[in-house]
>>> print(open('entry-v3.txt').read())   # compact mmCIF, C-alpha atoms
# COMPACT_ATOMS: atom_id res chain seq x y z
CA MET A 207 0.00 0.00 0.00
CA ILE A 208 2.75 2.45 1.01
CA THR A 209 6.40 2.15 0.06
CA VAL A 210 8.99 4.51 1.56
CA SER A 211 12.35 4.10 -0.14
CA HIS A 212 15.68 5.62 0.96
CA LEU A 213 14.01 8.72 2.37
CA THR A 214 16.43 11.43 3.46
CA LYS A 215 15.69 14.93 4.68
CA TYR A 216 18.13 17.72 5.52
CA TYR A 217 17.27 21.06 7.12
CA GLY A 218 20.30 22.98 5.97
CA GLN A 219 23.13 20.80 7.28
CA HIS A 220 20.98 19.09 9.93
CA LEU A 221 20.00 15.55 8.95
CA ALA A 222 16.48 14.86 10.26
CA VAL A 223 15.74 11.63 8.35
CA SER A 224 18.49 9.30 7.17
CA ASP A 225 18.00 6.74 4.37
CA LEU A 226 14.65 5.55 5.74
CA SER A 227 12.94 2.61 4.00
CA PHE A 228 9.86 0.59 4.99
CA GLU A 229 6.58 -0.75 3.62
CA ILE A 230 3.04 -0.44 4.98
CA GLY A 231 0.56 -3.12 3.98
CA GLU A 232 -3.17 -2.58 3.55
CA GLY A 233 -5.26 -2.86 6.68
CA HIS A 234 -4.08 -2.91 10.31
CA VAL A 235 -2.95 -0.15 12.65
CA TYR A 236 0.71 0.83 12.41
CA GLY A 237 2.53 2.65 15.18
CA PHE A 238 5.39 4.97 14.31
CA LEU A 239 7.29 4.97 17.60
CA GLY A 240 10.26 7.05 18.68
CA PRO A 241 11.41 9.67 21.18
CA ASN A 242 10.91 13.38 20.62
CA GLY A 243 13.22 14.54 17.87
CA ALA A 244 13.49 11.13 16.22
CA GLY A 245 12.13 12.37 12.88
CA LYS A 246 8.57 11.05 13.10
CA SER A 247 6.76 14.26 12.16
CA THR A 248 9.22 15.05 9.37
CA THR A 249 8.65 11.60 7.87
CA MET A 250 4.87 11.92 8.13
CA ASN A 251 4.93 15.35 6.52
CA ILE A 252 6.91 13.93 3.61
CA MET A 253 4.63 10.88 3.30
CA THR A 254 1.59 13.15 3.03
CA GLY A 255 3.19 15.50 0.52
CA CYS A 256 3.31 18.45 2.93
CA LEU A 257 7.10 18.57 2.83
CA SER A 258 9.67 17.82 0.16
CA ALA A 259 12.40 15.21 0.58
CA THR A 260 16.09 15.76 -0.03
CA GLU A 261 16.37 12.24 -1.44
CA GLY A 262 14.19 9.15 -1.77
CA SER A 263 10.61 8.41 -2.75
CA VAL A 264 7.19 7.68 -1.28
CA SER A 265 4.61 5.65 -3.19
CA ILE A 266 0.94 5.42 -2.16
CA ASP A 267 -0.75 2.49 -3.91
CA GLY A 268 1.59 2.94 -6.85
CA HIS A 269 1.30 6.76 -6.99
CA ASP A 270 4.50 8.69 -6.27
CA ILE A 271 3.70 11.45 -3.77
CA PHE A 272 6.01 13.87 -5.60
CA GLU A 273 5.20 12.91 -9.21
CA GLU A 274 1.44 12.28 -8.79
CA PRO A 275 0.52 14.26 -5.67
CA LYS A 276 -3.20 14.63 -6.40
CA ALA A 277 -3.74 10.92 -7.02
CA ALA A 278 -1.69 9.97 -3.96
CA LYS A 279 -3.34 12.49 -1.63
CA ARG A 280 -6.85 11.35 -2.58
CA LEU A 281 -6.02 8.06 -0.88
CA MET A 282 -4.97 9.68 2.42
CA GLY A 283 -6.47 11.52 5.34
CA TYR A 284 -4.07 13.41 7.60
CA LEU A 285 -4.21 14.84 11.10
CA PRO A 286 -1.09 16.92 11.90
CA GLU A 287 0.11 17.21 15.49
CA GLN A 288 -1.54 20.64 15.60
CA PRO A 289 -5.01 20.13 14.06
CA PRO A 290 -5.75 22.79 11.39
CA LEU A 291 -9.03 23.91 12.94
CA TYR A 292 -10.97 27.16 12.53
CA LEU A 293 -11.98 27.95 16.10
CA GLY A 294 -14.75 30.33 15.16
CA GLU A 295 -16.69 27.67 13.21
CA THR A 296 -18.76 24.75 14.41
CA PRO A 297 -17.58 21.20 13.61
CA GLU A 298 -20.39 20.92 11.09
CA GLU A 299 -19.37 24.15 9.31
CA TYR A 300 -15.69 23.22 9.40
CA LEU A 301 -16.31 19.74 7.95
CA HIS A 302 -18.46 21.28 5.21
CA PHE A 303 -15.57 23.58 4.28
CA VAL A 304 -12.96 20.77 4.33
CA GLY A 305 -15.24 18.48 2.34
CA GLN A 306 -15.68 21.10 -0.37
CA ALA A 307 -11.90 21.65 -0.43
CA LYS A 308 -11.56 17.92 -1.07
CA GLY A 309 -13.96 18.16 -4.00
CA LEU A 310 -17.07 16.74 -2.34
CA ARG A 311 -20.42 18.18 -3.34
CA GLY A 312 -24.14 17.70 -2.82
CA GLU A 313 -25.46 14.49 -1.31
CA ARG A 314 -22.04 12.86 -1.12
CA LEU A 315 -20.72 15.78 0.92
CA ARG A 316 -23.67 15.60 3.32
CA ALA A 317 -23.38 11.82 3.64
CA GLU A 318 -19.66 11.92 4.35
CA ILE A 319 -20.02 14.66 6.95
CA GLU A 320 -22.66 12.60 8.75
CA SER A 321 -20.50 9.48 8.54
CA ALA A 322 -17.44 11.30 9.92
CA ILE A 323 -19.45 12.88 12.75
CA GLU A 324 -20.88 9.48 13.72
CA ALA A 325 -17.51 7.67 13.45
CA THR A 326 -15.74 10.19 15.70
CA GLY A 327 -18.54 10.64 18.25
CA ILE A 328 -18.94 14.41 17.91
CA GLU A 329 -22.71 14.46 17.34
CA SER A 330 -23.32 16.23 20.67
CA VAL A 331 -21.02 19.14 19.79
CA ARG A 332 -21.60 19.45 16.06
CA LYS A 333 -23.19 22.90 16.39
CA LYS A 334 -20.91 24.28 19.12
CA ARG A 335 -18.06 26.63 18.32
CA ILE A 336 -14.80 24.66 17.99
CA GLY A 337 -12.98 27.19 20.18
CA ALA A 338 -15.29 26.26 23.07
CA LEU A 339 -14.60 22.52 22.82
CA SER A 340 -12.25 20.47 24.98
CA LYS A 341 -8.99 19.34 23.42
CA GLY A 342 -10.36 15.81 23.23
CA PHE A 343 -13.28 16.94 21.08
CA ARG A 344 -11.00 19.12 18.98
CA GLN A 345 -8.87 16.06 18.25
CA ARG A 346 -12.02 14.19 17.24
CA VAL A 347 -12.96 17.02 14.88
CA GLY A 348 -9.45 16.84 13.43
CA ILE A 349 -9.81 13.11 12.86
CA ALA A 350 -13.26 13.66 11.35
CA GLN A 351 -11.80 15.98 8.69
CA ALA A 352 -9.20 13.32 7.90
CA LEU A 353 -12.01 10.82 7.22
CA LEU A 354 -13.69 12.98 4.57
CA GLY A 355 -13.21 11.67 1.06
CA ASP A 356 -13.27 8.07 2.35
CA PRO A 357 -9.45 7.68 2.31
CA ARG A 358 -7.89 4.24 2.43
CA VAL A 359 -5.05 5.48 4.66
CA ILE A 360 -5.39 7.61 7.81
CA ILE A 361 -2.20 9.23 9.14
CA LEU A 362 -2.32 10.71 12.64
CA ASP A 363 0.62 12.59 14.13
CA GLU A 364 0.71 12.33 17.95
CA PRO A 365 -3.11 12.23 18.22
CA THR A 366 -3.19 11.90 22.04
CA VAL A 367 -0.69 14.62 23.01
CA GLY A 368 -2.12 16.93 25.69
CA LEU A 369 -5.23 14.85 26.38
CA ASP A 370 -6.40 13.72 29.79
CA PRO A 371 -6.44 9.96 30.59
CA LEU A 372 -10.11 9.49 29.67
CA GLN A 373 -9.70 11.35 26.38
CA ILE A 374 -6.62 9.25 25.57
CA LEU A 375 -8.60 6.03 26.07
CA GLU A 376 -11.39 7.35 23.85
CA ILE A 377 -9.00 8.31 21.03
CA ARG A 378 -7.23 4.95 21.27
CA ASP A 379 -10.56 3.16 20.96
CA LEU A 380 -11.44 5.33 17.95
CA ILE A 381 -8.13 4.43 16.28
CA ARG A 382 -8.81 0.72 16.80
CA ARG A 383 -12.25 1.07 15.20
CA LEU A 384 -10.85 2.98 12.24
CA GLY A 385 -8.26 0.23 11.77
CA ARG A 386 -10.98 -2.32 11.06
CA THR A 387 -11.74 -0.79 7.67
CA ARG A 388 -8.67 1.32 6.82
CA THR A 389 -4.90 1.42 7.15
CA VAL A 390 -4.12 3.66 10.12
CA ILE A 391 -0.63 5.03 10.84
CA PHE A 392 -0.09 7.07 13.96
CA SER A 393 3.00 8.37 15.66
CA SER A 394 3.74 8.38 19.35
CA HIS A 395 6.65 8.55 21.78
CA ILE A 396 4.69 6.48 24.34
CA LEU A 397 5.48 2.77 24.13
CA SER A 398 2.45 1.57 26.10
CA GLU A 399 0.14 3.44 23.74
CA VAL A 400 1.60 1.80 20.66
CA GLN A 401 1.59 -1.65 22.30
CA THR A 402 -2.07 -1.24 23.25
CA VAL A 403 -3.37 -0.06 19.88
CA CYS A 404 -1.11 -1.29 17.08
CA ASP A 405 -0.81 -4.48 15.06
CA ARG A 406 2.61 -3.43 13.74
CA ILE A 407 5.33 -1.18 15.18
CA LEU A 408 8.07 0.78 13.44
CA ILE A 409 10.70 2.16 15.85
CA ILE A 410 12.68 5.18 14.67
CA ALA A 411 15.63 6.84 16.37
CA HIS A 412 17.97 9.58 15.13
CA GLY A 413 16.08 9.63 11.82
CA ARG A 414 16.68 5.94 11.18
CA LEU A 415 14.45 2.87 11.31
CA VAL A 416 15.96 0.66 14.02
CA ALA A 417 13.29 -2.09 14.30
CA GLN A 418 9.89 -3.11 12.97
CA GLY A 419 7.40 -5.92 13.41
CA GLU A 420 4.46 -7.07 15.52
CA PRO A 421 4.69 -6.14 19.22
CA GLY A 422 5.08 -9.74 20.40
CA GLU A 423 7.52 -10.55 17.62
CA LEU A 424 9.70 -7.55 18.48
CA GLU A 425 9.74 -8.51 22.13
CA ARG A 426 10.75 -12.09 21.34
CA ARG A 427 13.28 -11.14 18.68
CA LEU A 428 14.94 -8.12 20.26
CA ALA A 429 14.52 -8.55 24.00
CA GLY A 430 17.78 -9.09 25.80
CA GLU A 431 18.73 -11.71 28.33
CA ASN A 432 16.43 -12.61 31.23
CA GLU A 433 18.10 -12.02 34.58
CA ILE A 434 17.82 -13.81 37.90
CA ARG A 435 18.89 -12.00 41.07
CA LEU A 436 19.86 -14.34 43.84
CA THR A 437 21.13 -13.94 47.42
CA VAL A 438 22.20 -17.05 49.33
CA ASP A 439 23.52 -17.90 52.82
CA ALA A 440 26.94 -19.09 51.66
CA GLU A 441 30.35 -17.79 50.81
CA SER A 442 31.06 -17.01 47.17
CA ARG A 443 33.15 -20.09 46.34
CA GLU A 444 30.56 -22.56 47.64
CA ALA A 445 27.66 -20.60 46.13
CA ALA A 446 29.33 -20.36 42.72
CA GLN A 447 29.94 -24.10 42.71
CA ILE A 448 26.25 -24.80 43.34
CA VAL A 449 25.16 -22.32 40.66
CA SER A 450 27.49 -23.99 38.15
CA THR A 451 25.48 -27.22 38.43
CA VAL A 452 22.45 -25.54 36.83
CA GLU A 453 22.62 -25.60 33.04
CA GLY A 454 21.88 -22.51 30.96
CA LEU A 455 23.02 -19.96 33.56
CA HIS A 456 26.09 -17.79 33.71
CA ALA A 457 27.03 -15.21 36.31
CA LEU A 458 26.95 -11.55 35.28
CA GLU A 459 28.00 -10.32 38.70
CA ALA A 460 28.74 -11.79 42.14
CA ALA A 461 29.47 -10.05 45.43
CA GLU A 462 30.11 -11.44 48.92
CA GLU A 463 29.30 -9.55 52.11
CA ARG A 464 29.25 -10.86 55.72
CA GLY A 465 29.10 -14.45 54.54
CA TYR A 466 26.20 -13.87 52.11
CA THR A 467 26.65 -13.98 48.34
CA ALA A 468 24.54 -12.00 45.86
CA PHE A 469 24.44 -12.99 42.19
CA ARG A 470 23.15 -11.47 39.00
CA LEU A 471 22.64 -14.45 36.70
CA SER A 472 21.72 -14.56 33.02
CA ALA A 473 19.24 -17.15 31.78
CA GLY A 474 19.81 -16.08 28.15
CA ASP A 475 16.65 -16.35 26.11
CA GLY A 476 15.56 -19.50 27.94
CA ASP A 477 12.74 -19.90 30.44
CA PRO A 478 13.88 -18.04 33.59
CA TYR A 479 11.29 -19.79 35.75
CA ALA A 480 12.65 -23.21 34.80
CA ALA A 481 16.05 -21.94 35.91
CA THR A 482 14.70 -20.74 39.27
CA ARG A 483 13.17 -24.16 39.91
CA ALA A 484 16.53 -25.76 39.18
CA LEU A 485 18.29 -23.30 41.50
CA PHE A 486 15.88 -24.03 44.34
CA GLY A 487 16.56 -27.74 43.91
CA ALA A 488 20.34 -27.33 43.73
CA PHE A 489 20.61 -25.15 46.85
CA ALA A 490 18.14 -27.31 48.79
CA ALA A 491 20.15 -30.40 47.96
CA ALA A 492 23.29 -28.64 49.21
CA GLY A 493 21.54 -27.52 52.40
CA VAL A 494 22.12 -23.84 51.62
CA ALA A 495 19.35 -21.32 52.24
CA ILE A 496 18.16 -18.98 49.46
CA LEU A 497 17.51 -15.64 51.15
CA GLU A 498 16.19 -13.76 48.13
CA MET A 499 15.50 -14.49 44.46
CA ASP A 500 13.63 -12.65 41.76
CA VAL A 501 13.35 -12.67 37.97
CA LYS A 502 13.74 -9.67 35.70
CA LYS A 503 12.24 -10.54 32.33
CA ALA A 504 13.29 -8.51 29.33
CA THR A 505 10.41 -6.48 27.90
CA LEU A 506 9.67 -4.44 24.80
CA GLU A 507 10.18 -1.35 26.97
CA ASP A 508 13.78 -2.47 27.63
CA VAL A 509 14.25 -2.93 23.89
CA PHE A 510 12.79 0.49 23.10
CA LEU A 511 15.01 2.25 25.62
CA GLU A 512 18.09 0.43 24.41
CA LEU A 513 17.39 1.21 20.76
CA THR A 514 16.43 4.86 21.20
CA GLU A 515 18.64 6.08 24.06
CA LYS A 516 21.93 5.17 22.44
CA ASP A 517 24.09 8.11 21.48
CA ASP A 518 23.35 9.59 18.09
CA PRO A 519 25.54 7.65 15.65
CA ALA A 520 27.88 9.49 13.34
CA LEU A 521 25.71 10.91 10.56
CA PRO A 522 26.85 12.23 7.23
CA VAL A 523 27.27 15.99 7.06
CA ARG A 524 26.02 17.81 4.02
CA GLU A 525 29.06 19.32 2.36
CA ASP A 526 27.33 21.87 0.16
CA SER A 527 25.83 25.07 1.49
CA GLU A 528 22.38 24.51 0.04
CA THR A 529 19.29 24.58 2.17
CA ASP A 530 16.08 22.85 1.20
CA ASN A 531 13.99 25.73 2.37
CA VAL A 532 14.80 28.47 4.86
CA GLU A 533 11.22 28.60 6.05
CA GLU A 534 11.19 24.82 6.60
CA SER A 535 14.40 24.99 8.63
CA GLU A 536 13.05 27.75 10.84
CA ALA A 537 9.69 26.04 11.28
CA THR A 538 11.04 23.10 13.25
CA ASP A 539 9.32 22.52 16.56
CA HIS A 540 10.88 21.91 19.96
CA ASP A 541 11.72 18.27 19.28
CA GLY A 542 13.32 18.84 15.92
CA ASP A 543 10.46 17.77 13.67
CA LEU A 544 8.68 20.09 11.29
CA GLU A 545 5.66 21.73 12.86
CA ALA A 546 2.57 20.78 10.86
>>> encode(input="entry-v3.txt", output="structure tokens")
Amino acid sequence: MITVSHLTKYYGQHLAVSDLSFEIGEGHVYGFLGPNGAGKSTTMNIMTGCLSATEGSVSIDGHDIFEEPKAAKRLMGYLPEQPPLYLGETPEEYLHFVGQAKGLRGERLRAEIESAIEATGIESVRKKRIGALSKGFRQRVGIAQALLGDPRVIILDEPTVGLDPLQILEIRDLIRRLGRTRTVIFSSHILSEVQTVCDRILIIAHGRLVAQGEPGELERRLAGENEIRLTVDAESREAAQIVSTVEGLHALEAAEERGYTAFRLSAGDGDPYAATRALFGAFAAAGVAILEMDVKKATLEDVFLELTEKDDPALPVREDSETDNVEESEATDHDGDLEA
């Protein structure tokens, strides 16, 4: 459905997106996950044709976003991080304006407005001034405008930023429902949000794609070693000898204090609970008391932090003095991505 190939974006000499390539299939909810400043908004702005690329291409169902922008954009609905709302209008008036801008007329325009209002749950505020609405309802109005034209792809940039917990749950539920009939791509820097809502995850850091896949698959494939923390009533030499009888474990750290020995043990990618059972048996057989033991299982959160908190790798510096666009460079927001 969507093919992003070798996408690169410079703001002057600052590299915001570096040789980014991925594919989005039809259907499902995709999460574009990364910390602030990772390049998420820049990538989304390029994908939707709102921003030019320095290098690379984006194809929407076979239509190049730069060569065939009208055909490509007809397939997409887009909600920027800052919804482009007219605060003096009602949601109904605003949707009528956006629908006409998208080329809708007559009965189809009326039908699509009603469908978008129903899908986003804004019936109760359809005739209230947008400026008087809560941020949650404003986000719903923004999503409603993205639905006009019956797009096959919905792209939402940080749709839950600034919402209260109840509003966040409501927007997440709305995204899930939209994903039943459309391809939905939304960006977030909150791991739990992406895990809760998405079928597929793309993790970006420093403008580069560092991992992608289903949440469970990523956790299995990328999660590090499971750890067992163990304190026993024995000196280090005796304790280490007992630990060595349990297969699949190796010591990461050992420390002795006042006759007690504390271990950090790695169970690799094996079952850590099977290892704890074996440890209990080994120390019981040796007549040595286990004073404390717990298991630290690697999670997708550990993977995310490891992938995104590494130092920014050495990136190529643009040697020429060209800038893509002075206004674009100056329009970057606080986290380094282009403000929509």
>>> residues_around(input="entry-v3.txt", residues="A:Ala490", least_positions_apart="4", cutoff="12 Å", atoms="all atoms listed in the file", output="JSON, numbers by chain")
{"A": [438, 439, 445, 448, 449, 483, 484, 485, 486, 494, 495, 496, 497]}
>>> atom_distance(input="entry-v3.txt", atom1="atom CA of A:Glu462", atom2="atom CA of A:Thr482")
20.4 Å
>>> atom_distance(input="entry-v3.txt", atom1="atom CA of A:Gly233", atom2="atom CA of A:Pro290")
26.1 Å
>>> closest_residue(input="entry-v3.txt", among="A:Val331, A:Leu415, A:Ala278, A:Ala488", to="A:Gly245", atoms="all atoms listed in the file")
A:Leu415
>>> atom_distance(input="entry-v3.txt", atom1="atom CA of A:Arg314", atom2="atom CA of A:Leu291")
22.1 Å
